[in-house]
Amino acid sequence: MNYPLYTLLILPYTRQELPGWGKLMTLTGVYREDLWKNAPIREMRGKFHGYRMAVDLSKWNDRMSYFLGRYYDLPTQLFVQNSVQPGDSFIDAGANTGMITLLAAYHTGTTGCVHSFEPNPLAFQKLKAAVTDNELHKVSLHQCGLSNERNELTLTVPTDVSGLGTFAQLPEKDRRLISNQYQVPVYRGDEMLPDNLPGATFIKIDVEGFEVNVIKGFSQTLQKLRPAVLTEVVAGHLERAGSSVAELCSLMGEFGYEAFNLEAKREGLGARLQLSKAKEGNMTDDVVWLHSESPLFSRLQQWMTH
């Protein structure tokens with residue numbers, strides 16, 4: 001036995017996310033890395049979109065997806081579910097292995113489109129396999145990074161979790177964790193998108209602190225289309241990349257955007273999306289930036305607290 005088979009007995013419970021599912025996963029050893037070192041790759045169908053996904057049970061983030069039936073970051077998924085509509089355009093900057101790309105493809109449908117960017121070659125292979133296996137013809141894949149100018153940068157992947165890849169310098173104490181480094185091309189987002197994107201536009205940016213550079217590269221898109229912009233806001237990641245939360249807030253303010261915290265509020269056996277105004281100093285890890293003159297602002301009013 002190369003992983004604890006008895007844990008599979010809890011799958012019906014955890015995938016419904018019934019009360020206490022996290023404690024149950026703890027008790028049965030799902031979070032214990034030593035029990036899963038040689039675990040296999042399994043195929044599953046995402047419960048929010050129905051597409052096939054290959055998940056590596058030896059990796060904690062894939063293992064979470066396997067036991068929950070979804071990507072572990074719930075607020076972002078609730079936002080996509082409740083705001084993206086058929087015919088819209090979704091841009092996934094830092095797509096990793098495709099968890100959010102698949103969900104966006106499901107909601108944009110055959111009349112919309114998804115553009116996914118991922119510079120890590122190993123993650124990109126998995127992303128491409130997921131898109132190909134599920135025959136998602138409206139998803140365009142780009143094996144490159146995004147920034148404020150064309151360049152070639154070093155992508156550092158600390159540990160073997162592909163989603164932690166960064167263009168920033170790692171602190172000295174973390175350099176022993178480096179798993180791989182790659183020289184990869186980066187481009188401005190504006191030059192990588194078609195001239196006419198259908199429907200409303202959404203941009204999700206999860207780039208481990210490089211968010212400010214990526215946003216600057218989308219300056220024309222922001223001014224022309226006023227898309228909703230989802231970003232991580234992790235002070236340590238931004239500082240490591242030579243930026244800050246203050247700079248991110250200032251930049252988005254110059255474009256006319258307001259920040260809203262993304263939160264998942266438990267409601268019975270499920271969860272609902274909640275958006276609340278955010279300011280520097282009281283931001284959650286997941287934030288959506290909205291332009292007050294964008295039609296998306298009214299689309300999302302029902303989820304906002306007042």
# chains A, B, ... in the order shown; residues from 1 in each chain; ligands from 1
$ select_by_dssp --residues "region 65-256 of chain A" --states "strand (DSSP E)" --output "number ranges by chain"
A: 89-93, 113-117, 139-142, 145-147, 151-158, 178-188, 201-205, 228-232
$ closest_atom_pairs --of "region 267-288 of chain A" --to "region 81-97 of chain A" --cutoff "12 Å" --atoms "only C-alpha atoms" --output "Markdown table"
| residue | atom | partner | partner_atom | distance |
| --- | --- | --- | --- | --- |
| A:Ala271 | CA | A:Asn82 | CA | 11.8 |
| A:Arg272 | CA | A:Asn82 | CA | 9.2 |
| A:Leu273 | CA | A:Asn82 | CA | 7.7 |
| A:Gln274 | CA | A:Asn82 | CA | 10.5 |
| A:Leu275 | CA | A:Asn82 | CA | 11.5 |
| A:Val288 | CA | A:Ser83 | CA | 11.4 |
$ write_last_selection --atoms "C-alpha atoms" --output "mmCIF file, in the first residue's frame"
data_model
loop_
_atom_site.group_PDB
_atom_site.id
_atom_site.type_symbol
_atom_site.label_atom_id
_atom_site.label_comp_id
_atom_site.auth_asym_id
_atom_site.auth_seq_id
_atom_site.Cartn_x
_atom_site.Cartn_y
_atom_site.Cartn_z
ATOM 1 C CA ALA A 271 -21.429 28.673 1.228
ATOM 2 C CA ARG A 272 -22.337 31.960 -0.391
ATOM 3 C CA LEU A 273 -20.183 34.683 -1.899
ATOM 4 C CA GLN A 274 -19.758 37.926 0.017
ATOM 5 C CA LEU A 275 -18.064 41.087 -1.243
ATOM 6 C CA VAL A 288 -11.633 41.650 -6.609
#
$ atom_distance --atom1 "CA of Phe117 (chain A)" --atom2 "CA of Ala228 (chain A)"
17.3 Å
$ closest_residue --among "A:Val114, A:Val157, A:Ala259, A:Leu9" --to "Gln181 (chain A)" --atoms "only C-alpha atoms"
A:Val157
$ residues_around --residues "region 33-38 of chain A" --least-positions-apart "2" --cutoff "6 Å" --atoms "only C-alpha atoms" --output "number ranges by chain"
A: 2-3, 58
$ residues_around --residues "region 290-298 of chain A" --least-positions-apart "5" --cutoff "6 Å" --atoms "only C-alpha atoms" --output "number ranges by chain"
A: 226, 228, 256-258
$ closest_residue --among "A:Phe167, A:Phe79, A:Phe67, A:Phe218" --to "Asp286 (chain A)" --atoms "only C-alpha atoms"
A:Phe79
$ closest_residue --among "A:Thr7, A:Thr108, A:Thr166, A:Thr221" --to "Val207 (chain A)" --atoms "only C-alpha atoms"
A:Thr166
$ residues_around --residues "region 229-236 of chain A" --least-positions-apart "5" --cutoff "7 Å" --atoms "only C-alpha atoms" --output "PyMOL selection string"
chain A and resi 202-206+244-245+285-290
$ decode --residues "region 243-273 of chain A" --atoms "N, CA, C and O atoms" --output "compact mmCIF listing (two decimals), in the first residue's frame"
# COMPACT_ATOMS: atom_id res chain seq x y z
N SER A 243 7.61 45.08 -4.45
CA SER A 243 6.39 45.89 -4.49
C SER A 243 5.79 45.95 -3.10
O SER A 243 6.44 45.67 -2.10
N SER A 244 4.51 46.33 -3.00
CA SER A 244 3.85 46.43 -1.70
C SER A 244 2.35 46.50 -1.90
O SER A 244 1.86 46.76 -3.02
N VAL A 245 1.61 46.28 -0.83
CA VAL A 245 0.15 46.43 -0.88
C VAL A 245 -0.21 47.87 -1.22
O VAL A 245 -1.13 48.13 -2.00
N ALA A 246 0.53 48.82 -0.66
CA ALA A 246 0.27 50.24 -0.93
C ALA A 246 0.42 50.55 -2.41
O ALA A 246 -0.39 51.28 -3.00
N GLU A 247 1.46 50.01 -3.04
CA GLU A 247 1.67 50.27 -4.48
C GLU A 247 0.55 49.65 -5.30
O GLU A 247 0.06 50.26 -6.26
N LEU A 248 0.12 48.44 -4.93
CA LEU A 248 -0.98 47.79 -5.65
C LEU A 248 -2.25 48.62 -5.55
O LEU A 248 -2.95 48.85 -6.55
N CYS A 249 -2.57 49.07 -4.35
CA CYS A 249 -3.78 49.88 -4.14
C CYS A 249 -3.70 51.19 -4.91
O CYS A 249 -4.69 51.63 -5.52
N SER A 250 -2.55 51.83 -4.89
CA SER A 250 -2.37 53.09 -5.60
C SER A 250 -2.53 52.91 -7.10
O SER A 250 -3.20 53.71 -7.78
N LEU A 251 -1.93 51.85 -7.63
CA LEU A 251 -2.02 51.58 -9.07
C LEU A 251 -3.46 51.35 -9.51
O LEU A 251 -3.93 51.96 -10.49
N MET A 252 -4.17 50.51 -8.78
CA MET A 252 -5.56 50.23 -9.15
C MET A 252 -6.44 51.47 -8.97
O MET A 252 -7.38 51.71 -9.74
N GLY A 253 -6.13 52.30 -7.97
CA GLY A 253 -6.86 53.55 -7.79
C GLY A 253 -6.67 54.49 -8.97
O GLY A 253 -7.61 55.17 -9.39
N GLU A 254 -5.46 54.52 -9.54
CA GLU A 254 -5.19 55.36 -10.71
C GLU A 254 -6.04 54.92 -11.91
O GLU A 254 -6.42 55.74 -12.75
N PHE A 255 -6.34 53.64 -11.98
CA PHE A 255 -7.19 53.12 -13.06
C PHE A 255 -8.68 53.30 -12.75
O PHE A 255 -9.53 52.95 -13.57
N GLY A 256 -9.01 53.82 -11.56
CA GLY A 256 -10.41 54.05 -11.19
C GLY A 256 -11.09 52.86 -10.56
O GLY A 256 -12.33 52.75 -10.61
N TYR A 257 -10.31 51.97 -9.93
CA TYR A 257 -10.86 50.74 -9.36
C TYR A 257 -11.00 50.82 -7.85
O TYR A 257 -10.21 51.48 -7.18
N GLU A 258 -12.03 50.12 -7.34
CA GLU A 258 -12.22 49.93 -5.91
C GLU A 258 -11.96 48.47 -5.56
O GLU A 258 -12.21 47.58 -6.37
N ALA A 259 -11.49 48.24 -4.33
CA ALA A 259 -11.17 46.88 -3.89
C ALA A 259 -12.30 46.32 -3.04
O ALA A 259 -12.88 47.01 -2.21
N PHE A 260 -12.60 45.02 -3.26
CA PHE A 260 -13.60 44.32 -2.46
C PHE A 260 -13.01 42.99 -2.01
O PHE A 260 -12.46 42.23 -2.81
N ASN A 261 -13.12 42.74 -0.71
CA ASN A 261 -12.68 41.45 -0.18
C ASN A 261 -13.60 40.34 -0.68
O ASN A 261 -14.82 40.50 -0.70
N LEU A 262 -13.01 39.23 -1.06
CA LEU A 262 -13.77 38.04 -1.45
C LEU A 262 -13.82 37.10 -0.26
O LEU A 262 -12.78 36.71 0.27
N GLU A 263 -15.03 36.71 0.13
CA GLU A 263 -15.16 35.79 1.25
C GLU A 263 -16.25 34.76 0.97
O GLU A 263 -17.20 35.03 0.24
N ALA A 264 -16.06 33.59 1.55
CA ALA A 264 -17.06 32.52 1.46
C ALA A 264 -17.75 32.42 2.81
O ALA A 264 -17.12 32.05 3.80
N LYS A 265 -19.03 32.78 2.88
CA LYS A 265 -19.79 32.74 4.12
C LYS A 265 -20.63 31.47 4.17
O LYS A 265 -21.42 31.21 3.25
N ARG A 266 -20.43 30.69 5.22
CA ARG A 266 -21.18 29.45 5.37
C ARG A 266 -22.67 29.73 5.51
O ARG A 266 -23.08 30.65 6.23
N GLU A 267 -23.47 28.95 4.80
CA GLU A 267 -24.92 29.09 4.83
C GLU A 267 -25.52 27.70 4.77
O GLU A 267 -25.53 27.06 3.71
N GLY A 268 -25.99 27.18 5.91
CA GLY A 268 -26.47 25.81 5.95
C GLY A 268 -25.34 24.85 5.65
O GLY A 268 -24.27 24.91 6.26
N LEU A 269 -25.55 23.97 4.67
CA LEU A 269 -24.50 23.02 4.29
C LEU A 269 -23.65 23.54 3.15
O LEU A 269 -22.76 22.83 2.66
N GLY A 270 -23.91 24.77 2.71
CA GLY A 270 -23.15 25.33 1.61
C GLY A 270 -22.44 26.61 2.00
O GLY A 270 -22.20 26.87 3.17
N ALA A 271 -22.10 27.40 1.00
CA ALA A 271 -21.43 28.67 1.23
C ALA A 271 -21.89 29.66 0.18
O ALA A 271 -22.21 29.28 -0.95
N ARG A 272 -21.96 30.93 0.55
CA ARG A 272 -22.34 31.96 -0.39
C ARG A 272 -21.22 32.99 -0.49
O ARG A 272 -20.44 33.20 0.44
N LEU A 273 -21.17 33.64 -1.65
CA LEU A 273 -20.18 34.68 -1.90
C LEU A 273 -20.55 35.95 -1.14
O LEU A 273 -21.73 36.31 -1.04
